[in-house]
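K.L.:
What follows is the file query-v6.txt, containing compact mmCIF, C-alpha atoms and all ligand atoms:
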# COMPACT_ATOMS: atom_id res chain seq x y z
CA MET R 5 -0.60 -8.46 10.94
CA GLY R 6 -0.57 -9.09 14.71
CA GLU R 7 0.84 -12.53 14.03
CA ASP R 8 3.62 -11.09 11.84
CA VAL R 9 4.58 -8.67 14.60
CA GLU R 10 4.75 -11.42 17.21
CA ARG R 11 6.81 -13.64 14.93
CA LEU R 12 9.20 -10.82 14.19
CA LYS R 13 9.66 -10.05 17.89
CA ARG R 14 10.26 -13.71 18.71
CA ARG R 15 12.85 -13.98 15.96
CA THR R 16 14.78 -10.98 17.27
CA PRO R 17 14.71 -10.69 21.06
CA LEU R 18 15.10 -7.06 22.12
CA LEU R 19 18.31 -7.73 24.07
CA ASP R 20 19.92 -9.38 21.00
CA TYR R 21 18.89 -6.45 18.84
CA LEU R 22 20.36 -3.93 21.30
CA ARG R 23 23.63 -5.88 21.56
CA GLN R 24 23.89 -6.03 17.78
CA HIS R 25 23.63 -2.25 17.94
CA ASN R 26 26.47 -1.98 20.48
CA TRP R 27 24.41 -1.58 23.62
CA THR R 28 26.11 -2.95 26.71
CA GLY R 29 24.20 -3.68 29.88
CA ARG R 30 24.81 -5.63 33.04
CA PRO R 31 22.42 -8.08 34.66
CA ALA R 32 20.22 -6.49 37.28
CA GLY R 33 18.00 -9.10 38.84
CA ARG R 34 16.78 -12.35 37.36
CA SER R 35 15.41 -11.22 34.03
CA GLU R 36 16.66 -7.65 33.79
CA HIS R 37 19.64 -5.86 32.30
CA VAL R 38 20.55 -2.24 32.88
CA GLY R 39 22.75 0.14 30.91
CA PHE R 40 22.97 3.63 29.41
CA CYS R 41 19.92 4.74 27.48
CA PRO R 42 20.45 4.75 23.69
CA LEU R 43 17.58 7.24 23.35
CA HIS R 44 18.90 10.07 25.51
CA GLU R 45 22.17 11.40 26.95
CA GLU R 46 22.77 10.34 30.54
CA THR R 47 25.56 9.90 33.08
CA ARG R 48 23.99 7.10 35.16
CA PRO R 49 22.49 3.94 33.62
CA SER R 50 18.72 4.02 33.76
CA PHE R 51 17.74 1.95 30.72
CA TYR R 52 16.28 -1.43 31.73
CA VAL R 53 15.62 -4.40 29.47
CA ASN R 54 13.31 -7.12 30.71
CA THR R 55 14.23 -10.30 28.83
CA ARG R 56 11.23 -12.26 30.07
CA LYS R 57 8.72 -9.72 28.80
CA ASN R 58 10.97 -8.65 25.90
CA VAL R 59 10.47 -4.94 26.66
CA PHE R 60 12.51 -1.92 27.74
CA TYR R 61 11.94 1.03 30.04
CA CYS R 62 14.10 4.10 30.69
CA HIS R 63 13.72 5.83 34.04
CA GLY R 64 15.60 8.82 32.60
CA CYS R 65 13.50 9.76 29.59
CA GLY R 66 10.39 7.73 30.46
CA GLN R 67 10.31 5.88 27.12
CA GLY R 68 9.43 2.22 27.05
CA GLY R 69 7.95 -0.56 24.97
CA ASP R 70 8.87 -3.47 22.73
CA LEU R 71 11.34 -3.93 19.88
CA ILE R 72 9.12 -2.17 17.33
CA ARG R 73 8.69 0.80 19.65
CA PHE R 74 12.45 0.96 20.15
CA VAL R 75 13.07 1.01 16.39
CA GLN R 76 10.43 3.71 15.96
CA LEU R 77 12.10 5.90 18.60
CA SER R 78 15.72 5.24 17.72
CA ARG R 79 15.30 5.56 13.93
CA GLY R 80 12.45 8.05 13.77
CA LEU R 81 10.21 5.71 11.77
CA SER R 82 6.48 5.06 11.85
CA PHE R 83 5.16 1.75 13.19
CA ARG R 84 4.72 0.35 9.70
CA GLN R 85 8.11 1.59 8.50
CA SER R 86 9.77 0.04 11.55
CA LEU R 87 8.20 -3.32 10.74
CA ALA R 88 9.41 -3.11 7.16
CA TRP R 89 12.85 -2.04 8.28
CA LEU R 90 13.18 -4.91 10.76
CA ASP R 91 11.81 -7.36 8.26
CA ALA R 92 14.43 -6.28 5.73
CA LYS R 93 17.24 -6.66 8.30
CA ILE R 94 16.20 -10.20 9.09
CA ASN R 95 15.17 -11.27 5.64
CA PRO R 96 17.23 -9.57 2.90
CA ASP R 97 14.63 -10.53 0.28
CA GLY R 98 12.24 -8.27 2.13
CA ASP R 99 14.40 -5.33 1.18
CA VAL R 100 12.26 -4.35 -1.79
CA THR R 101 9.20 -4.06 0.42
CA ALA R 102 11.08 -1.84 2.87
CA VAL R 103 12.30 0.57 0.22
CA LEU R 104 8.87 0.71 -1.46
CA GLU R 105 7.41 1.49 1.95
CA GLN R 106 9.84 4.39 2.33
CA ALA R 107 9.18 5.64 -1.19
CA ALA R 108 5.41 5.50 -0.69
CA ALA R 109 5.67 7.36 2.64
CA PHE R 110 7.83 10.01 0.97
CA TYR R 111 5.39 10.49 -1.91
CA GLN R 112 2.51 10.67 0.55
CA GLN R 113 4.24 13.58 2.30
CA GLN R 114 4.67 15.41 -1.02
CA LEU R 115 1.01 15.26 -2.00
CA ASP R 116 -0.30 18.11 0.14
CA GLN R 117 2.59 20.36 -0.85
CA CYS R 118 1.89 20.12 -4.57
CA SER R 119 -1.16 22.04 -5.71
CA GLU R 120 -0.97 20.55 -9.21
CA ALA R 121 -1.42 17.11 -7.67
CA THR R 122 -4.28 18.00 -5.35
CA SER R 123 -6.11 19.85 -8.09
CA TYR R 124 -5.68 16.81 -10.39
CA LEU R 125 -7.21 14.60 -7.68
CA ARG R 126 -10.10 17.04 -7.31
CA ARG R 127 -10.65 17.03 -11.07
CA ARG R 128 -10.80 13.22 -10.96
CA GLY R 129 -13.36 13.50 -8.17
CA VAL R 130 -11.12 12.15 -5.40
CA HIS R 131 -11.64 14.53 -2.49
CA ASP R 132 -12.20 12.60 0.75
CA PRO R 133 -9.08 13.20 2.93
CA ALA R 134 -9.75 10.06 5.01
CA LEU R 135 -9.85 7.86 1.92
CA ILE R 136 -6.74 9.53 0.44
CA ARG R 137 -4.93 8.72 3.70
CA GLU R 138 -6.32 5.19 3.90
CA LEU R 139 -5.18 4.36 0.37
CA GLY R 140 -1.81 6.05 0.98
CA ILE R 141 -2.15 8.15 -2.17
CA GLY R 142 0.93 10.25 -2.86
CA TYR R 143 2.61 12.33 -5.54
CA ALA R 144 6.04 12.21 -7.19
CA PRO R 145 6.91 15.84 -7.86
CA GLY R 146 10.30 15.36 -9.51
CA ALA R 147 13.86 14.26 -9.01
CA THR R 148 13.72 14.23 -5.21
CA LEU R 149 13.27 10.58 -4.25
CA ARG R 150 16.86 9.60 -4.97
CA ARG R 151 18.27 12.16 -2.52
CA TYR R 152 15.80 11.11 0.18
CA LEU R 153 16.44 7.38 -0.14
CA THR R 154 20.22 7.54 -0.54
CA ALA R 155 20.27 9.58 2.68
CA GLN R 156 18.50 6.60 4.28
CA GLY R 157 21.37 4.36 3.20
CA TYR R 158 19.96 2.89 -0.03
CA SER R 159 22.31 2.65 -2.98
CA PHE R 160 21.75 4.25 -6.36
CA ASP R 161 22.11 0.83 -8.04
CA GLY R 162 19.61 -0.75 -5.67
CA LEU R 163 17.05 1.95 -6.42
CA ARG R 164 17.69 1.52 -10.15
CA ARG R 165 17.16 -2.25 -9.91
CA ILE R 166 13.84 -1.81 -8.17
CA GLY R 167 12.94 0.69 -10.87
CA LEU R 168 12.18 3.64 -8.60
CA ILE R 169 14.67 5.84 -10.44
CA ASN R 170 15.92 5.91 -14.01
CA VAL R 171 19.53 6.00 -15.27
CA ARG R 172 19.67 9.76 -14.83
CA GLY R 173 18.56 9.41 -11.20
CA ALA R 174 15.11 10.92 -11.82
CA ASP R 175 11.95 9.42 -10.33
CA ALA R 176 10.41 6.75 -12.57
CA LEU R 177 7.00 7.97 -11.41
CA TYR R 178 7.84 11.64 -12.05
CA GLN R 179 4.72 13.86 -12.07
CA ARG R 180 2.41 11.01 -11.24
CA ILE R 181 -0.18 10.39 -8.58
CA VAL R 182 1.12 7.33 -6.73
CA PHE R 183 -0.89 4.47 -5.24
CA PRO R 184 0.97 1.81 -3.21
CA LEU R 185 -0.18 -1.70 -4.16
CA ARG R 186 -0.21 -4.07 -1.20
CA GLN R 187 -0.47 -7.78 -0.86
CA GLY R 188 -1.56 -8.31 2.72
CA GLU R 189 0.56 -5.85 4.69
CA HIS R 190 3.41 -5.64 2.20
CA ILE R 191 3.76 -3.17 -0.64
CA VAL R 192 4.57 -5.15 -3.79
CA ASN R 193 4.51 -2.36 -6.35
CA LEU R 194 3.63 1.28 -6.97
CA TYR R 195 1.17 2.51 -9.58
CA GLY R 196 1.64 5.97 -11.03
CA ARG R 197 -1.02 7.95 -12.92
CA SER R 198 0.44 10.78 -14.96
CA ILE R 199 -1.10 14.18 -14.32
CA GLY R 200 0.50 15.58 -17.48
CA SER R 201 0.97 14.44 -21.04
CA ALA R 202 3.24 11.47 -20.26
CA PHE R 203 2.02 7.90 -20.81
CA ALA R 204 -0.97 7.59 -18.48
CA HIS R 205 -0.35 4.41 -16.50
CA ARG R 206 2.91 3.12 -15.11
CA PHE R 207 3.94 0.37 -12.70
CA LEU R 208 7.39 -0.44 -11.40
CA PRO R 209 8.92 -3.61 -12.89
CA GLY R 210 7.60 -6.81 -11.35
CA SER R 211 4.20 -8.12 -10.43
CA LYS R 212 1.27 -5.79 -9.75
CA GLY R 213 0.17 -8.33 -7.14
CA GLY R 214 -3.37 -9.56 -6.56
CA LEU R 215 -6.67 -7.70 -6.65
CA TYR R 216 -6.53 -4.28 -5.01
CA ALA R 217 -7.52 -4.23 -1.31
CA TRP R 218 -8.73 -7.82 -1.64
CA GLU R 219 -8.60 -8.44 2.15
CA LYS R 220 -11.47 -6.00 2.58
CA VAL R 221 -13.82 -7.82 0.21
CA ARG R 222 -12.75 -11.46 0.16
CA SER R 223 -15.67 -12.45 2.39
CA CYS R 224 -18.28 -10.45 0.41
CA SER R 225 -20.83 -12.45 -1.59
CA ASP R 226 -21.25 -9.55 -4.05
CA VAL R 227 -18.12 -7.88 -5.37
CA ILE R 228 -17.88 -4.94 -7.76
CA LEU R 229 -14.83 -5.31 -9.99
CA VAL R 230 -13.42 -2.19 -11.65
CA GLU R 231 -10.56 -1.54 -14.00
CA GLY R 232 -8.77 1.45 -12.50
CA LEU R 233 -7.90 2.88 -9.10
CA PHE R 234 -9.78 6.11 -9.79
CA ASP R 235 -12.92 4.01 -10.37
CA TYR R 236 -12.18 2.27 -7.11
CA ALA R 237 -11.72 5.55 -5.23
CA ALA R 238 -14.91 7.03 -6.71
CA LEU R 239 -17.04 4.07 -5.61
CA ARG R 240 -15.50 3.94 -2.14
CA GLN R 241 -16.25 7.63 -1.71
CA GLU R 242 -19.87 7.04 -2.65
CA GLY R 243 -20.15 4.45 0.11
CA PHE R 244 -19.63 1.21 -1.84
CA HIS R 245 -17.34 -0.97 0.25
CA ASN R 246 -17.49 -4.22 -1.71
CA VAL R 247 -15.21 -2.92 -4.48
CA THR R 248 -11.96 -4.26 -5.82
CA CYS R 249 -9.79 -3.32 -8.78
CA ALA R 250 -7.92 -5.41 -11.35
CA LEU R 251 -5.55 -2.59 -12.43
CA GLY R 252 -6.42 -3.21 -16.05
CA THR R 253 -8.91 -5.28 -18.00
CA HIS R 254 -6.89 -8.49 -17.95
CA LEU R 255 -6.66 -10.40 -14.68
CA ASN R 256 -3.46 -12.19 -13.77
CA ASP R 257 -3.64 -15.76 -12.38
CA CYS R 258 -3.46 -14.61 -8.79
CA GLN R 259 -6.36 -12.18 -9.27
CA PHE R 260 -8.46 -14.76 -11.05
CA ARG R 261 -7.91 -17.33 -8.29
CA GLN R 262 -8.88 -14.76 -5.67
CA LEU R 263 -12.25 -14.15 -7.36
CA CYS R 264 -12.85 -17.91 -7.47
CA GLU R 265 -12.04 -18.46 -3.78
CA GLY R 266 -15.65 -18.59 -2.63
CA GLU R 267 -19.20 -18.54 -3.87
CA ARG R 268 -19.95 -15.04 -5.08
CA THR R 269 -21.37 -12.77 -7.72
CA VAL R 270 -18.93 -10.51 -9.50
CA TYR R 271 -20.29 -7.24 -10.92
CA ARG R 272 -17.98 -6.00 -13.65
CA ALA R 273 -17.94 -2.26 -14.19
CA PHE R 274 -15.36 -1.90 -16.95
CA ASP R 275 -15.01 1.07 -19.28
CA VAL R 276 -17.50 1.32 -22.08
CA ASP R 277 -15.04 2.60 -24.65
CA GLN R 278 -15.38 3.15 -28.34
CA ASN R 279 -13.31 0.21 -29.57
CA GLN R 280 -15.15 -2.12 -27.17
CA SER R 281 -11.92 -3.67 -25.90
CA GLY R 282 -13.00 -3.20 -22.27
CA GLN R 283 -16.28 -4.99 -22.93
CA GLN R 284 -14.57 -7.77 -24.81
CA ALA R 285 -12.20 -8.39 -21.91
CA ALA R 286 -15.17 -8.32 -19.54
CA GLU R 287 -17.02 -10.93 -21.58
CA GLN R 288 -14.05 -13.26 -21.74
CA LEU R 289 -13.62 -12.90 -18.01
CA ALA R 290 -17.31 -13.65 -17.39
CA HIS R 291 -17.02 -16.82 -19.41
CA ARG R 292 -13.92 -18.00 -17.51
CA LEU R 293 -15.53 -17.19 -14.16
CA GLY R 294 -18.65 -19.06 -15.21
CA THR R 295 -16.64 -22.22 -15.83
CA HIS R 296 -15.45 -21.94 -12.20
CA GLY R 297 -18.98 -21.59 -10.86
CA ILE R 298 -18.83 -17.84 -10.24
CA THR R 299 -21.73 -15.69 -11.42
CA ALA R 300 -20.53 -12.68 -13.34
CA ARG R 301 -22.80 -9.73 -14.08
CA ARG R 302 -22.06 -6.78 -16.28
CA ILE R 303 -22.95 -3.30 -15.12
CA LEU R 304 -24.14 -1.23 -18.07
CA LEU R 305 -22.95 2.33 -17.59
CA PRO R 306 -24.02 5.12 -19.93
CA GLN R 307 -22.02 5.08 -23.18
CA GLY R 308 -18.50 6.45 -22.84
CA HIS R 309 -18.39 6.15 -19.05
CA ASP R 310 -16.45 4.29 -16.43
CA PRO R 311 -17.46 4.47 -12.75
CA ASN R 312 -15.09 7.38 -12.16
CA SER R 313 -16.31 9.54 -15.04
CA PHE R 314 -19.90 8.62 -14.17
CA PHE R 315 -19.62 10.10 -10.67
CA VAL R 316 -17.37 13.00 -11.73
CA GLY R 317 -19.99 13.84 -14.35
CA GLY R 318 -22.66 14.18 -11.67
CA GLY R 319 -24.03 10.62 -11.60
CA ASP R 320 -25.66 9.77 -8.29
CA VAL R 321 -25.57 6.79 -5.98
CA GLU R 322 -29.20 5.76 -6.53
CA GLN R 323 -28.65 5.70 -10.26
CA PHE R 324 -25.59 3.50 -9.82
CA ARG R 325 -27.57 1.19 -7.55
CA SER R 326 -30.16 0.84 -10.29
CA PHE R 327 -27.38 -0.18 -12.71
CA LEU R 328 -26.32 -2.83 -10.20
CA LYS R 329 -29.89 -4.14 -9.99
CA ALA R 330 -30.19 -4.22 -13.74
CA ALA R 331 -26.80 -5.85 -14.28
CA GLN R 332 -26.99 -8.72 -16.76
CA THR R 333 -25.26 -12.05 -16.78
ZN ZN D 401 16.21 7.32 28.17
Could you render the structure as structure tokens?
Ligand SMILES: [Zn+2]
P.N.:
Amino acid sequence: MGEDVERLKRRTPLLDYLRQHNWTGRPAGRSEHVGFCPLHEETRPSFYVNTRKNVFYCHGCGQGGDLIRFVQLSRGLSFRQSLAWLDAKINPDGDVTAVLEQAAAFYQQQLDQCSEATSYLRRRGVHDPALIRELGIGYAPGATLRRYLTAQGYSFDGLRRIGLINVRGADALYQRIVFPLRQGEHIVNLYGRSIGSAFAHRFLPGSKGGLYAWEKVRSCSDVILVEGLFDYAALRQEGFHNVTCALGTHLNDCQFRQLCEGERTVYRAFDVDQNQSGQQAAEQLAHRLGTHGITARRILLPQGHDPNSFFVGGGDVEQFRSFLKAAQT
């Protein structure tokens, strides 16, 4: 992340950025330019840009910092949103990431205002505010995203192409709990879990990316692999940090390669459902991992349970640890 920020700042020197946005300044000293402050009204120039350090400072309003800080202040964006916005300006292919970032931030703001969403999360046993913030969990209450994003300058057609809205302009993830899916720092997709009677799981078109939160566990020698994000959240809340999620029972190539990156043991905790499809997928996966030298163990949960329903139903941490110990190859 730090490297990305430095690269971005090198690619767009602050003075160039300001000039592109119609700022005019005159040289003042060897590596300084001075002009009117774009951040506040003033009658005498007090906004200084230091081209050697690539930073600004305004003696009028007291604001100062680098390019990212300037974008934050001038556009009212968060640090992360500013990065995405700049990235999209420089690299038009990055545009999808920027708009997904905005959509995710918008849905995150809606969550606390919608009691139906917070009570659904509580019912599913997700209650830790710090974890909810960390994962960026949000809620899509209805046909509000389009208005918000078009006001930010995004076109209706662009939003349609990305799949955030449908032909009628309604949110594709309408009445769903929303999890942003990241690959490194970039959001690559959104997952929506219906809180009503609509089809339970939905992704936007395109790849779901790699394993969920893989950066956190890639160096772990023991990894617990779950099927769904509510399983993931439940385990994280109970203090298990070596968890990742495949967003389904079938791993894509990227996810499979990630698991095979190093020497490790993978503990599969897939749903024990009635038609056994979860277990079948788990067994096929174990076999494939085995051929790549990865030990795969299967966690046997009580019949009819996944990790989420196990903890929601009152299962305790010690009991889950005993399942881990007893996990079979
Ligand atoms: Zn100022």
K.L.:
One number please: CA of Gly232 (chain R) to CA of Asn170 (chain R), in Å, one decimal.
P.N.:
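We find that CA of Gly232 (chain R) and CA of Asn170 (chain R) lie 25.1 Å from each other.
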K.L.:
Taking all atoms listed in the file into account, list the residues no farther than 12 Å from ligand ZN 401 (chain D), as a PDB file with C-alpha atoms, in the coordinates of the input.
P.N.:
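Below you can see part.pdb, which holds the result:
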ATOM      1  CA  VAL R  38      20.550  -2.240  32.880  1.00  0.00           C
ATOM      2  CA  GLY R  39      22.750   0.140  30.910  1.00  0.00           C
ATOM      3  CA  PHE R  40      22.970   3.630  29.410  1.00  0.00           C
ATOM      4  CA  CYS R  41      19.920   4.740  27.480  1.00  0.00           C
ATOM      5  CA  PRO R  42      20.450   4.750  23.690  1.00  0.00           C
ATOM      6  CA  LEU R  43      17.580   7.240  23.350  1.00  0.00           C
ATOM      7  CA  HIS R  44      18.900  10.070  25.510  1.00  0.00           C
ATOM      8  CA  GLU R  45      22.170  11.400  26.950  1.00  0.00           C
ATOM      9  CA  GLU R  46      22.770  10.340  30.540  1.00  0.00           C
ATOM     10  CA  THR R  47      25.560   9.900  33.080  1.00  0.00           C
ATOM     11  CA  ARG R  48      23.990   7.100  35.160  1.00  0.00           C
ATOM     12  CA  PRO R  49      22.490   3.940  33.620  1.00  0.00           C
ATOM     13  CA  SER R  50      18.720   4.020  33.760  1.00  0.00           C
ATOM     14  CA  PHE R  51      17.740   1.950  30.720  1.00  0.00           C
ATOM     15  CA  TYR R  52      16.280  -1.430  31.730  1.00  0.00           C
ATOM     16  CA  VAL R  53      15.620  -4.400  29.470  1.00  0.00           C
ATOM     17  CA  PHE R  60      12.510  -1.920  27.740  1.00  0.00           C
ATOM     18  CA  TYR R  61      11.940   1.030  30.040  1.00  0.00           C
ATOM     19  CA  CYS R  62      14.100   4.100  30.690  1.00  0.00           C
ATOM     20  CA  HIS R  63      13.720   5.830  34.040  1.00  0.00           C
ATOM     21  CA  GLY R  64      15.600   8.820  32.600  1.00  0.00           C
ATOM     22  CA  CYS R  65      13.500   9.760  29.590  1.00  0.00           C
ATOM     23  CA  GLY R  66      10.390   7.730  30.460  1.00  0.00           C
ATOM     24  CA  GLN R  67      10.310   5.880  27.120  1.00  0.00           C
ATOM     25  CA  GLY R  68       9.430   2.220  27.050  1.00  0.00           C
ATOM     26  CA  GLY R  69       7.950  -0.560  24.970  1.00  0.00           C
ATOM     27  CA  PHE R  74      12.450   0.960  20.150  1.00  0.00           C
ATOM     28  CA  LEU R  77      12.100   5.900  18.600  1.00  0.00           C
ATOM     29  CA  SER R  78      15.720   5.240  17.720  1.00  0.00           C
TER      30      SER R  78
END
K.L.:
What's the 7 Å shell around Gln187 (chain R), counting all atoms listed in the file, without same-chain residues fewer than 4 positions away, as a ChimeraX atom specification?
P.N.:
/R:191-192,213-214
K.L.:
Between CA of Leu239 (chain R) and CA of Pro311 (chain R), what distance in Å does the model show, to one decimal?
P.N.:
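Calculated distance between CA of Leu239 (chain R) and CA of Pro311 (chain R) is 7.2 Å.
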K.L.:
When you draw a straight line from CA of His254 (chain R) to CA of Tyr143 (chain R), how long is it in Å?
P.N.:
26.0 Å
K.L.:
Between R:Gly173, R:Pro17, R:Gly266, R:Gly319, which residue has the minimum interatomic distance to Cys224 (chain R), considering only C-alpha atoms?
P.N.:
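The closest residue to Cys224 (chain R) is R:Gly266.
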K.L.:
Which residue gives the smallest distance to Arg165 (chain R) among R:His190, R:Val100, R:Arg222, R:Leu139, with only C-alpha atoms counted?
P.N.:
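So, comparing all the options, the nearest one is R:Val100.
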K.L.:
Can you tell me which residues surround region 229-231 of chain R at a distance of at most 9 Å, considering only C-alpha atoms, apart from same-chain residues fewer than 5 positions away, and format the answer as a list in words?
P.N.:
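With the cut-off at 9 Å, the set is Tyr236, Asn246, Val247, Thr248, Cys249, Ala250, Leu251, Gly252, Thr253, His254, Val270, Tyr271, Arg272, Ala273, Phe274, Asp275, Gly282, Asp310 and Pro311 of chain R.
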K.L.:
So which residues fall inside 12 Å of (-11.8, -17.2, -14.7) if we count all atoms listed in the file? Mind giving them as a PyMOL selection string?
P.N.:
chain R and resi 254-265+270+285-300
K.L.:
Output C-alpha atoms of each residue in that selection to a file, as a JSON list (two decimals), in the frame of the given file.
P.N.:
[["chain", "number", "residue", "atom", "x", "y", "z"],
["R", 254, "HIS", "CA", -6.89, -8.49, -17.95],
["R", 255, "LEU", "CA", -6.66, -10.40, -14.68],
["R", 256, "ASN", "CA", -3.46, -12.19, -13.77],
["R", 257, "ASP", "CA", -3.64, -15.76, -12.38],
["R", 258, "CYS", "CA", -3.46, -14.61, -8.79],
["R", 259, "GLN", "CA", -6.36, -12.18, -9.27],
["R", 260, "PHE", "CA", -8.46, -14.76, -11.05],
["R", 261, "ARG", "CA", -7.91, -17.33, -8.29],
["R", 262, "GLN", "CA", -8.88, -14.76, -5.67],
["R", 263, "LEU", "CA", -12.25, -14.15, -7.36],
["R", 264, "CYS", "CA", -12.85, -17.91, -7.47],
["R", 265, "GLU", "CA", -12.04, -18.46, -3.78],
["R", 270, "VAL", "CA", -18.93, -10.51, -9.50],
["R", 285, "ALA", "CA", -12.20, -8.39, -21.91],
["R", 286, "ALA", "CA", -15.17, -8.32, -19.54],
["R", 287, "GLU", "CA", -17.02, -10.93, -21.58],
["R", 288, "GLN", "CA", -14.05, -13.26, -21.74],
["R", 289, "LEU", "CA", -13.62, -12.90, -18.01],
["R", 290, "ALA", "CA", -17.31, -13.65, -17.39],
["R", 291, "HIS", "CA", -17.02, -16.82, -19.41],
["R", 292, "ARG", "CA", -13.92, -18.00, -17.51],
["R", 293, "LEU", "CA", -15.53, -17.19, -14.16],
["R", 294, "GLY", "CA", -18.65, -19.06, -15.21],
["R", 295, "THR", "CA", -16.64, -22.22, -15.83],
["R", 296, "HIS", "CA", -15.45, -21.94, -12.20],
["R", 297, "GLY", "CA", -18.98, -21.59, -10.86],
["R", 298, "ILE", "CA", -18.83, -17.84, -10.24],
["R", 299, "THR", "CA", -21.73, -15.69, -11.42],
["R", 300, "ALA", "CA", -20.53, -12.68, -13.34]]
K.L.:
Using all atoms listed in the file, give me every residue within 8 Å of (0.8, 3.0, -5.0) in file coordinates, as a PyMOL selection string.
P.N.:
chain R and resi 108+140-142+182-185+193-196
K.L.:
Using all atoms listed in the file, which protein or nucleic acid residues come within 12 Å of His245 (chain R)? Drop anything in the same chain fewer than 6 positions from it, and give the result as number ranges by chain.
P.N.:
R: 135, 217-224, 226-229, 236-239
